[in-house]
file data.tsv (TSV, C-alpha atoms)
chain	number	residue	atom	x	y	z
A	77	GLY	CA	-20.71	0.17	0.32
A	78	GLY	CA	-23.65	1.86	-1.29
A	79	HIS	CA	-23.50	5.41	0.03
A	80	PHE	CA	-20.94	7.99	-1.09
A	81	MET	CA	-20.35	11.34	0.56
A	82	GLU	CA	-18.14	14.32	-0.10
A	83	VAL	CA	-17.73	16.46	3.01
A	84	ASP	CA	-15.83	19.60	3.91
A	85	PRO	CA	-13.32	19.75	6.80
A	86	GLN	CA	-16.11	20.86	9.16
A	87	GLY	CA	-18.25	17.81	8.30
A	88	GLY	CA	-20.72	19.57	6.03
A	89	ILE	CA	-22.06	17.37	3.23
A	90	LEU	CA	-21.18	18.83	-0.18
A	91	TRP	CA	-22.41	15.94	-2.34
A	92	GLU	CA	-23.77	12.44	-1.87
A	93	HIS	CA	-24.83	9.56	-4.05
A	94	GLU	CA	-26.45	6.25	-3.17
A	95	ASP	CA	-26.37	2.94	-5.04
A	96	ILE	CA	-27.26	0.00	-2.81
A	97	TYR	CA	-25.60	-2.46	-5.20
A	98	HIS	CA	-22.16	-0.85	-5.00
A	99	HIS	CA	-19.42	-3.08	-3.62
A	100	HIS	CA	-15.70	-2.81	-2.93
A	101	ASP	CA	-13.89	-0.02	-4.74
A	102	ALA	CA	-14.59	3.40	-6.25
A	103	GLN	CA	-12.56	6.27	-7.70
A	104	TRP	CA	-13.07	10.01	-7.99
A	105	LEU	CA	-12.20	11.04	-11.53
A	106	GLU	CA	-10.54	14.28	-12.57
A	107	ASN	CA	-13.75	15.45	-14.26
A	108	GLY	CA	-15.58	15.25	-10.90
A	109	ASN	CA	-17.45	12.06	-11.74
A	110	LEU	CA	-17.44	8.86	-9.70
A	111	LEU	CA	-16.40	5.43	-11.03
A	112	TYR	CA	-17.48	2.34	-9.09
A	113	ALA	CA	-18.53	-1.31	-9.31
A	114	VAL	CA	-21.99	-2.73	-8.65
A	115	ALA	CA	-23.17	-6.32	-8.28
A	116	GLU	CA	-26.14	-7.66	-10.20
A	117	GLU	CA	-27.58	-10.96	-11.34
A	118	ALA	CA	-26.06	-11.67	-14.74
A	119	PHE	CA	-27.15	-15.19	-15.65
A	120	VAL	CA	-28.37	-18.49	-14.18
A	121	SER	CA	-25.97	-21.42	-13.97
A	122	PRO	CA	-26.78	-25.09	-13.27
A	123	ILE	CA	-26.28	-24.37	-9.57
A	124	GLY	CA	-28.33	-21.17	-9.47
A	125	PRO	CA	-28.11	-17.41	-10.13
A	126	VAL	CA	-24.66	-15.92	-10.62
A	127	ILE	CA	-23.90	-12.40	-9.45
A	128	SER	CA	-21.47	-10.49	-11.63
A	129	ASP	CA	-20.15	-6.96	-12.01
A	130	ARG	CA	-21.20	-3.82	-13.83
A	131	ILE	CA	-18.93	-0.76	-13.79
A	132	LYS	CA	-20.64	2.62	-13.64
A	133	GLU	CA	-19.58	6.23	-13.96
A	134	VAL	CA	-21.99	8.84	-12.60
A	135	ASN	CA	-21.85	12.62	-12.84
A	136	ARG	CA	-22.60	15.13	-10.09
A	137	LYS	CA	-26.32	14.76	-10.80
A	138	GLY	CA	-26.10	11.03	-10.16
A	139	GLU	CA	-26.71	10.25	-13.82
A	140	VAL	CA	-24.97	7.24	-15.36
A	141	VAL	CA	-22.73	8.57	-18.14
A	142	TRP	CA	-20.73	5.39	-18.84
A	143	GLU	CA	-21.10	1.73	-17.94
A	144	TRP	CA	-19.48	-1.61	-18.74
A	145	CYS	CA	-20.78	-5.15	-18.10
A	146	ILE	CA	-18.03	-7.66	-17.52
A	147	TRP	CA	-20.05	-10.72	-18.57
A	148	GLU	CA	-20.37	-9.26	-22.06
A	149	HIS	CA	-16.59	-9.43	-22.50
A	150	ILE	CA	-15.28	-12.48	-20.62
A	151	HIS	CA	-16.62	-16.00	-20.04
A	152	PRO	CA	-16.58	-18.19	-16.88
A	153	HIS	CA	-15.19	-21.15	-18.86
A	154	ILE	CA	-12.08	-19.12	-19.71
A	155	TYR	CA	-11.83	-17.00	-16.57
A	156	LYS	CA	-12.47	-19.76	-14.06
A	157	THR	CA	-13.24	-19.30	-10.38
A	158	HIS	CA	-10.44	-20.60	-8.17
A	159	GLU	CA	-11.19	-23.44	-5.80
A	160	CYS	CA	-10.78	-21.24	-2.72
A	161	PHE	CA	-13.88	-19.22	-3.68
A	162	SER	CA	-17.57	-19.92	-4.14
A	163	THR	CA	-19.11	-19.42	-7.59
A	164	ASP	CA	-21.97	-17.14	-6.50
A	165	HIS	CA	-20.10	-13.88	-7.35
A	166	TRP	CA	-17.94	-13.99	-10.47
A	167	PRO	CA	-15.35	-12.60	-11.07
A	168	MET	CA	-15.81	-9.99	-8.29
A	169	VAL	CA	-14.21	-6.72	-9.41
A	170	ASN	CA	-12.65	-5.65	-6.13
A	171	GLY	CA	-10.44	-2.83	-7.42
A	172	LEU	CA	-10.73	-0.07	-10.04
A	173	HIS	CA	-8.28	2.48	-11.35
A	174	GLN	CA	-8.71	4.75	-14.37
A	175	THR	CA	-5.45	6.08	-15.79
A	176	LYS	CA	-4.97	9.48	-17.38
A	177	ASP	CA	-4.95	7.77	-20.79
A	178	GLY	CA	-8.40	6.29	-20.32
A	179	LEU	CA	-7.36	2.74	-19.44
A	180	ILE	CA	-9.46	1.27	-16.64
A	181	LEU	CA	-7.63	-1.35	-14.59
A	182	MET	CA	-9.94	-3.90	-12.95
A	183	SER	CA	-8.91	-6.50	-10.39
A	184	LEU	CA	-10.75	-9.82	-10.79
A	185	ARG	CA	-10.63	-11.37	-7.33
A	186	THR	CA	-12.11	-14.86	-7.74
A	187	THR	CA	-10.35	-15.66	-11.03
A	188	SER	CA	-7.00	-14.00	-10.14
A	189	GLY	CA	-6.12	-11.43	-12.75
A	190	ILE	CA	-6.10	-7.77	-13.74
A	191	ILE	CA	-7.60	-6.53	-16.99
A	192	GLY	CA	-7.25	-3.18	-18.71
A	193	VAL	CA	-10.33	-1.85	-20.49
A	194	CYS	CA	-10.11	0.95	-23.06
A	195	LYS	CA	-12.77	3.36	-21.94
A	196	GLU	CA	-13.50	4.63	-25.45
A	197	SER	CA	-13.81	1.28	-27.26
A	198	LYS	CA	-14.91	-0.75	-24.19
A	199	GLU	CA	-12.56	-3.54	-25.31
A	200	ILE	CA	-10.16	-5.44	-23.06
A	201	VAL	CA	-6.73	-4.36	-24.31
A	202	TRP	CA	-4.49	-5.69	-21.53
A	203	GLU	CA	-4.48	-8.52	-19.00
A	204	LEU	CA	-2.28	-10.00	-16.30
A	205	LYS	CA	-3.22	-13.53	-15.28
A	206	TYR	CA	-2.56	-16.10	-12.58
A	207	PRO	CA	0.01	-17.01	-11.29
A	208	LEU	CA	1.62	-13.60	-11.93
A	209	VAL	CA	-1.01	-12.40	-9.47
A	210	ALA	CA	-3.07	-14.41	-7.01
A	211	GLN	CA	-6.43	-13.22	-5.62
A	212	GLN	CA	-5.14	-9.63	-5.75
A	213	HIS	CA	-6.56	-6.21	-4.84
A	214	ASP	CA	-6.09	-2.50	-5.61
A	215	PRO	CA	-4.36	-2.14	-9.00
A	216	SER	CA	-2.96	1.27	-9.92
A	217	LEU	CA	-0.55	2.79	-12.40
A	218	THR	CA	2.68	4.30	-11.11
A	219	GLU	CA	4.27	7.44	-12.51
A	220	TYR	CA	6.61	5.19	-14.52
A	221	GLY	CA	3.71	3.42	-16.20
A	222	ASN	CA	3.94	0.21	-14.20
A	223	VAL	CA	0.99	-1.67	-12.68
A	224	LEU	CA	1.18	-1.90	-8.89
A	225	CYS	CA	-1.10	-4.13	-6.81
A	226	PHE	CA	-1.60	-5.94	-3.50
A	227	ASP	CA	-1.11	-9.64	-4.29
A	228	ASN	CA	-2.97	-11.52	-1.54
A	229	GLY	CA	-1.78	-15.05	-2.27
A	230	ASN	CA	-4.58	-17.16	-0.82
A	231	ILE	CA	-3.35	-19.85	-3.19
A	232	ARG	CA	-0.14	-19.57	-5.18
A	233	PRO	CA	1.85	-22.38	-6.85
A	234	ASN	CA	4.70	-23.90	-4.82
A	235	SER	CA	4.28	-21.39	-2.03
A	236	ILE	CA	3.23	-21.18	1.59
A	237	HIS	CA	0.50	-18.61	2.29
A	238	HIS	CA	1.85	-15.09	2.15
A	239	SER	CA	1.04	-11.75	0.53
A	240	ARG	CA	3.32	-9.57	-1.52
A	241	ILE	CA	3.33	-6.26	-3.34
A	242	VAL	CA	4.11	-6.55	-7.04
A	243	GLU	CA	4.89	-4.00	-9.74
A	244	TYR	CA	4.78	-5.12	-13.38
A	245	ASN	CA	5.83	-3.33	-16.55
A	246	LEU	CA	2.64	-2.54	-18.44
A	247	THR	CA	4.15	-3.41	-21.83
A	248	THR	CA	6.39	-6.42	-21.13
A	249	LYS	CA	4.69	-7.71	-17.94
A	250	GLU	CA	8.16	-8.04	-16.43
A	251	LEU	CA	8.25	-7.95	-12.63
A	252	MET	CA	9.95	-4.63	-11.88
A	253	TRP	CA	9.69	-4.60	-8.07
A	254	SER	CA	8.17	-6.63	-5.27
A	255	TYR	CA	7.92	-6.64	-1.52
A	256	VAL	CA	7.75	-9.84	0.55
A	257	ASP	CA	8.42	-10.01	4.27
A	258	PRO	CA	11.79	-11.64	5.11
A	259	MET	CA	9.70	-14.28	6.88
A	260	PRO	CA	6.98	-14.45	4.19
A	261	PRO	CA	3.95	-15.65	6.27
A	262	SER	CA	4.45	-12.66	8.58
A	263	PHE	CA	2.86	-10.50	5.89
A	264	PHE	CA	-0.43	-12.05	4.79
A	265	SER	CA	-3.92	-10.68	4.27
A	266	PRO	CA	-6.23	-13.36	2.82
A	267	TYR	CA	-8.87	-10.74	2.10
A	268	MET	CA	-8.84	-7.02	1.24
A	269	GLY	CA	-5.56	-5.12	1.01
A	270	SER	CA	-4.29	-1.90	-0.58
A	271	VAL	CA	-1.05	-0.32	-1.75
A	272	GLN	CA	-0.01	3.22	-2.67
A	273	ARG	CA	3.25	4.41	-4.24
A	274	LEU	CA	4.23	7.58	-2.41
A	275	TRP	CA	5.86	10.72	-3.80
A	276	ASN	CA	9.07	9.96	-1.85
A	277	GLY	CA	9.48	6.62	-3.68
A	278	ASN	CA	8.33	4.57	-0.71
A	279	THR	CA	5.25	2.35	-0.71
A	280	LEU	CA	2.34	2.50	1.75
A	281	ILE	CA	0.80	-0.92	2.41
A	282	CYS	CA	-2.45	-1.79	4.15
A	283	GLU	CA	-2.37	-5.37	5.48
A	284	SER	CA	-6.12	-5.19	5.78
A	285	ALA	CA	-7.13	-8.35	7.61
A	286	PHE	CA	-4.90	-7.49	10.57
A	287	GLY	CA	-5.34	-3.71	10.61
A	288	ARG	CA	-1.67	-3.05	9.93
A	289	LEU	CA	-0.50	-0.04	7.94
A	290	PHE	CA	3.18	0.30	7.12
A	291	GLU	CA	5.57	2.07	4.76
A	292	VAL	CA	8.55	0.45	3.11
A	293	THR	CA	11.49	1.82	1.12
A	294	PRO	CA	12.39	0.51	-2.35
A	295	GLU	CA	14.86	-1.76	-0.56
A	296	GLY	CA	12.08	-3.23	1.57
A	297	GLU	CA	12.97	-1.54	4.88
A	298	THR	CA	10.00	-0.69	7.09
A	299	VAL	CA	10.23	3.00	8.06
A	300	TRP	CA	6.73	3.54	9.53
A	301	GLU	CA	4.08	1.27	11.01
A	302	TYR	CA	0.69	1.56	12.71
A	303	ILE	CA	-1.66	-1.15	13.94
A	304	ILE	CA	-5.33	-0.26	14.50
A	305	PRO	CA	-6.02	-0.89	18.22
A	306	GLU	CA	-9.84	-1.11	18.07
A	307	PHE	CA	-11.57	-4.47	17.52
A	308	LYS	CA	-15.25	-5.11	16.73
A	309	LYS	CA	-17.50	-7.88	15.49
A	310	TYR	CA	-18.98	-7.63	12.01
A	311	PRO	CA	-22.64	-6.50	12.08
A	312	THR	CA	-25.49	-8.97	11.63
A	313	PRO	CA	-25.91	-10.96	9.37
A	314	LEU	CA	-22.23	-10.90	8.35
A	315	ASP	CA	-21.15	-12.12	11.79
A	316	GLU	CA	-22.81	-15.47	11.03
A	317	PHE	CA	-20.00	-16.43	8.65
A	318	ILE	CA	-17.30	-13.82	9.44
A	319	THR	CA	-16.83	-14.60	13.11
A	320	GLY	CA	-14.68	-13.13	15.83
A	321	TYR	CA	-13.38	-9.63	16.52
A	322	HIS	CA	-11.64	-7.64	13.79
A	323	ASN	CA	-9.55	-4.51	13.33
A	324	SER	CA	-9.79	-4.80	9.55
A	325	CYS	CA	-9.20	-1.82	7.26
A	326	PHE	CA	-10.21	-2.15	3.60
A	327	LYS	CA	-7.98	0.58	2.20
A	328	ALA	CA	-5.56	3.26	3.36
A	329	HIS	CA	-4.41	6.43	1.59
A	330	ARG	CA	-1.71	8.89	2.58
A	331	TYR	CA	-2.20	12.54	1.67
A	332	LYS	CA	0.78	14.66	0.74
A	333	GLU	CA	-0.34	17.68	2.70
A	334	ILE	CA	-2.92	18.07	5.44
A	335	LYS	CA	-3.92	21.42	6.92
A	336	TRP	CA	-5.56	20.80	10.27
A	337	LEU	CA	-8.38	23.25	10.85
call {"tool": "encode", "arguments": {"input": "data.tsv", "output": "structure tokens"}}
result
Amino acid sequence: GGHFMEVDPQGGILWEHEDIYHHHDAQWLENGNLLYAVAEEAFVSPIGPVISDRIKEVNRKGEVVWEWCIWEHIHPHIYKTHECFSTDHWPMVNGLHQTKDGLILMSLRTTSGIIGVCKESKEIVWELKYPLVAQQHDPSLTEYGNVLCFDNGNIRPNSIHHSRIVEYNLTTKELMWSYVDPMPPSFFSPYMGSVQRLWNGNTLICESAFGRLFEVTPEGETVWEYIIPEFKKYPTPLDEFITGYHNSCFKAHRYKEIKWL
């Protein structure tokens, strides 16, 4: 991350913004501003510096007009890092979504959970914790007011490794809908992942680690699928600990209408 661009269909740059500490997700807001997460050193633990997350909103001039520091609102002793992660980046906000009502959903990767922050008061007013979700990504609010997310499932109680898509009622936290492959381990992305509820009622899923994009009906039938055919190594120095060749895709989005020019 770190460099944002808005371009026209001919490739002309209309607007750009750079923040070298940006990581993971971002969202264009209806007012034209940009909401995104940055990493910064928050405190020093017995084992060394801990990187945490600050959420920023910038306007078209690149000015910060709103920000929120997660370590001022939650504590590592309560929101604990799961054993499958290191403790150097806590809790790693890997997904952001601001609703029309001013609730900002944040996915906390290393602690497994989604919180809802009231933008006006800056207070945490909603949360969904492990094991209802497990190492999840990409929370969003559906048109029915439910929270939808990609539930990675690196570790989940009494379960073999598999991912799923889950949709919870925002008020009751009741599981309203889910997608799991009939042979569960066949759908599994241990890192990254995205999901989008489409206007036709179907759900677009990005199984990021394996470059697989597919669309399922409410009944779980796969009606479209695409696998990215290009593979590359990660650039240096990431290739030192993320080895091999990848066709990974962090996030996919389907547009309702495209006019090819």
call {"tool": "closest_atom_pairs", "arguments": {"input": "data.tsv", "of": "stretch 145-228 of chain A", "to": "stretch 95-109 of chain A", "cutoff": "7 Å", "atoms": "all atoms listed in the file", "output": "CSV"}}
result
residue,atom,partner,partner_atom,distance
A:Asn170,CA,A:His100,CA,5.3
A:Gly171,CA,A:Asp101,CA,5.2
A:Leu172,CA,A:Asp101,CA,6.2
A:His173,CA,A:Gln103,CA,6.8
call {"tool": "residues_around", "arguments": {"input": "data.tsv", "residues": "A:Lys156", "least_positions_apart": "6", "cutoff": "9 Å", "atoms": "only C-alpha atoms", "output": "ChimeraX atom specification"}}
result
/A:166-167,186-188
call {"tool": "residues_around", "arguments": {"input": "data.tsv", "residues": "A:His322", "least_positions_apart": "6", "cutoff": "12 Å", "atoms": "all atoms listed in the file", "output": "list of chain:residue names"}}
result
A:Ser284, A:Ala285, A:Phe286, A:Gly287, A:Arg288, A:Ile303, A:Ile304, A:Pro305, A:Glu306, A:Phe307, A:Lys308, A:Lys309, A:Tyr310, A:Pro311, A:Asp315
call {"tool": "residues_around", "arguments": {"input": "data.tsv", "residues": "A:Glu148", "least_positions_apart": "2", "cutoff": "12 Å", "atoms": "only C-alpha atoms", "output": "list of chain:residue names"}}
result
A:Ala118, A:Phe119, A:Ser128, A:Asp129, A:Arg130, A:Ile131, A:Glu143, A:Trp144, A:Cys145, A:Ile146, A:Ile150, A:His151, A:Pro152, A:Lys198, A:Glu199, A:Ile200
call {"tool": "residues_around", "arguments": {"input": "data.tsv", "residues": "A:Thr218", "least_positions_apart": "5", "cutoff": "10 Å", "atoms": "only C-alpha atoms", "output": "ChimeraX atom specification"}}
result
/A:175,223-224,243-245,272-274
call {"tool": "atom_distance", "arguments": {"input": "data.tsv", "atom1": "atom CA of A:Leu204", "atom2": "atom CA of A:Ser239"}}
result
17.2 Å
call {"tool": "atom_distance", "arguments": {"input": "data.tsv", "atom1": "atom CA of A:Asn323", "atom2": "atom CA of A:Asp164"}}
result
26.6 Å
call {"tool": "decode", "arguments": {"input": "data.tsv", "residues": "stretch 277-289 of chain A", "atoms": "all heavy atoms", "output": "PDB file, in the first residue's frame"}}
result
ATOM      1  N   GLY A 277     -28.403 -10.654  -5.562  1.00  0.00           N
ATOM      2  CA  GLY A 277     -28.569 -11.542  -4.408  1.00  0.00           C
ATOM      3  C   GLY A 277     -27.463 -12.559  -4.255  1.00  0.00           C
ATOM      4  O   GLY A 277     -27.355 -13.208  -3.213  1.00  0.00           O
ATOM      5  N   ASN A 278     -26.645 -12.707  -5.298  1.00  0.00           N
ATOM      6  CA  ASN A 278     -25.512 -13.625  -5.214  1.00  0.00           C
ATOM      7  C   ASN A 278     -24.350 -12.987  -4.457  1.00  0.00           C
ATOM      8  O   ASN A 278     -24.397 -11.799  -4.112  1.00  0.00           O
ATOM      9  CB  ASN A 278     -25.050 -14.047  -6.616  1.00  0.00           C
ATOM     10  CG  ASN A 278     -26.076 -14.912  -7.321  1.00  0.00           C
ATOM     11  OD1 ASN A 278     -27.035 -15.379  -6.711  1.00  0.00           O
ATOM     12  ND2 ASN A 278     -25.881 -15.136  -8.614  1.00  0.00           N
ATOM     13  N   THR A 279     -23.319 -13.753  -4.217  1.00  0.00           N
ATOM     14  CA  THR A 279     -22.168 -13.280  -3.452  1.00  0.00           C
ATOM     15  C   THR A 279     -20.893 -13.548  -4.231  1.00  0.00           C
ATOM     16  O   THR A 279     -20.661 -14.684  -4.673  1.00  0.00           O
ATOM     17  CB  THR A 279     -22.107 -13.989  -2.084  1.00  0.00           C
ATOM     18  OG1 THR A 279     -23.338 -13.749  -1.377  1.00  0.00           O
ATOM     19  CG2 THR A 279     -20.950 -13.479  -1.251  1.00  0.00           C
ATOM     20  N   LEU A 280     -20.082 -12.501  -4.422  1.00  0.00           N
ATOM     21  CA  LEU A 280     -18.790 -12.637  -5.096  1.00  0.00           C
ATOM     22  C   LEU A 280     -17.718 -12.859  -4.029  1.00  0.00           C
ATOM     23  O   LEU A 280     -17.617 -12.090  -3.071  1.00  0.00           O
ATOM     24  CB  LEU A 280     -18.465 -11.387  -5.902  1.00  0.00           C
ATOM     25  CG  LEU A 280     -17.097 -11.372  -6.595  1.00  0.00           C
ATOM     26  CD1 LEU A 280     -17.047 -12.402  -7.710  1.00  0.00           C
ATOM     27  CD2 LEU A 280     -16.777  -9.983  -7.134  1.00  0.00           C
ATOM     28  N   ILE A 281     -16.917 -13.903  -4.214  1.00  0.00           N
ATOM     29  CA  ILE A 281     -15.908 -14.295  -3.229  1.00  0.00           C
ATOM     30  C   ILE A 281     -14.538 -14.297  -3.885  1.00  0.00           C
ATOM     31  O   ILE A 281     -14.378 -14.776  -5.008  1.00  0.00           O
ATOM     32  CB  ILE A 281     -16.214 -15.702  -2.664  1.00  0.00           C
ATOM     33  CG1 ILE A 281     -17.616 -15.725  -2.017  1.00  0.00           C
ATOM     34  CG2 ILE A 281     -15.149 -16.129  -1.660  1.00  0.00           C
ATOM     35  CD1 ILE A 281     -18.110 -17.117  -1.682  1.00  0.00           C
ATOM     36  N   CYS A 282     -13.559 -13.757  -3.183  1.00  0.00           N
ATOM     37  CA  CYS A 282     -12.173 -13.798  -3.637  1.00  0.00           C
ATOM     38  C   CYS A 282     -11.395 -14.688  -2.675  1.00  0.00           C
ATOM     39  O   CYS A 282     -11.123 -14.291  -1.539  1.00  0.00           O
ATOM     40  CB  CYS A 282     -11.569 -12.401  -3.685  1.00  0.00           C
ATOM     41  SG  CYS A 282      -9.840 -12.365  -4.191  1.00  0.00           S
ATOM     42  N   GLU A 283     -11.076 -15.897  -3.117  1.00  0.00           N
ATOM     43  CA  GLU A 283     -10.245 -16.827  -2.351  1.00  0.00           C
ATOM     44  C   GLU A 283      -8.789 -16.447  -2.634  1.00  0.00           C
ATOM     45  O   GLU A 283      -8.121 -17.020  -3.488  1.00  0.00           O
ATOM     46  CB  GLU A 283     -10.535 -18.265  -2.764  1.00  0.00           C
ATOM     47  CG  GLU A 283      -9.865 -19.311  -1.904  1.00  0.00           C
ATOM     48  CD  GLU A 283     -10.186 -20.722  -2.355  1.00  0.00           C
ATOM     49  OE1 GLU A 283     -10.896 -20.896  -3.366  1.00  0.00           O
ATOM     50  OE2 GLU A 283      -9.708 -21.671  -1.705  1.00  0.00           O
ATOM     51  N   SER A 284      -8.343 -15.427  -1.911  1.00  0.00           N
ATOM     52  CA  SER A 284      -7.166 -14.655  -2.289  1.00  0.00           C
ATOM     53  C   SER A 284      -5.890 -15.460  -2.468  1.00  0.00           C
ATOM     54  O   SER A 284      -5.144 -15.260  -3.428  1.00  0.00           O
ATOM     55  CB  SER A 284      -6.922 -13.560  -1.251  1.00  0.00           C
ATOM     56  OG  SER A 284      -8.000 -12.662  -1.211  1.00  0.00           O
ATOM     57  N   ALA A 285      -5.583 -16.324  -1.528  1.00  0.00           N
ATOM     58  CA  ALA A 285      -4.292 -17.012  -1.537  1.00  0.00           C
ATOM     59  C   ALA A 285      -4.097 -17.852  -2.785  1.00  0.00           C
ATOM     60  O   ALA A 285      -2.961 -18.096  -3.207  1.00  0.00           O
ATOM     61  CB  ALA A 285      -4.154 -17.889  -0.291  1.00  0.00           C
ATOM     62  N   PHE A 286      -5.192 -18.281  -3.409  1.00  0.00           N
ATOM     63  CA  PHE A 286      -5.096 -19.145  -4.578  1.00  0.00           C
ATOM     64  C   PHE A 286      -5.633 -18.487  -5.840  1.00  0.00           C
ATOM     65  O   PHE A 286      -5.884 -19.161  -6.837  1.00  0.00           O
ATOM     66  CB  PHE A 286      -5.804 -20.470  -4.292  1.00  0.00           C
ATOM     67  CG  PHE A 286      -5.234 -21.184  -3.101  1.00  0.00           C
ATOM     68  CD1 PHE A 286      -5.888 -21.162  -1.886  1.00  0.00           C
ATOM     69  CD2 PHE A 286      -4.012 -21.827  -3.180  1.00  0.00           C
ATOM     70  CE1 PHE A 286      -5.339 -21.789  -0.768  1.00  0.00           C
ATOM     71  CE2 PHE A 286      -3.457 -22.452  -2.076  1.00  0.00           C
ATOM     72  CZ  PHE A 286      -4.123 -22.442  -0.862  1.00  0.00           C
ATOM     73  N   GLY A 287      -5.828 -17.165  -5.789  1.00  0.00           N
ATOM     74  CA  GLY A 287      -6.204 -16.425  -6.985  1.00  0.00           C
ATOM     75  C   GLY A 287      -7.513 -16.862  -7.602  1.00  0.00           C
ATOM     76  O   GLY A 287      -7.692 -16.783  -8.815  1.00  0.00           O
ATOM     77  N   ARG A 288      -8.445 -17.294  -6.790  1.00  0.00           N
ATOM     78  CA  ARG A 288      -9.721 -17.818  -7.296  1.00  0.00           C
ATOM     79  C   ARG A 288     -10.850 -16.846  -6.973  1.00  0.00           C
ATOM     80  O   ARG A 288     -11.070 -16.486  -5.815  1.00  0.00           O
ATOM     81  CB  ARG A 288     -10.016 -19.182  -6.670  1.00  0.00           C
ATOM     82  CG  ARG A 288     -11.351 -19.791  -7.081  1.00  0.00           C
ATOM     83  CD  ARG A 288     -11.563 -21.137  -6.384  1.00  0.00           C
ATOM     84  NE  ARG A 288     -12.877 -21.688  -6.663  1.00  0.00           N
ATOM     85  CZ  ARG A 288     -13.712 -22.166  -5.722  1.00  0.00           C
ATOM     86  NH1 ARG A 288     -13.335 -22.159  -4.448  1.00  0.00           N
ATOM     87  NH2 ARG A 288     -14.886 -22.655  -6.043  1.00  0.00           N
ATOM     88  N   LEU A 289     -11.565 -16.422  -8.005  1.00  0.00           N
ATOM     89  CA  LEU A 289     -12.731 -15.573  -7.851  1.00  0.00           C
ATOM     90  C   LEU A 289     -13.942 -16.383  -8.270  1.00  0.00           C
ATOM     91  O   LEU A 289     -13.932 -17.021  -9.329  1.00  0.00           O
ATOM     92  CB  LEU A 289     -12.629 -14.318  -8.727  1.00  0.00           C
ATOM     93  CG  LEU A 289     -11.274 -13.596  -8.798  1.00  0.00           C
ATOM     94  CD1 LEU A 289     -11.371 -12.412  -9.729  1.00  0.00           C
ATOM     95  CD2 LEU A 289     -10.814 -13.169  -7.420  1.00  0.00           C
TER      96      LEU A 289
END
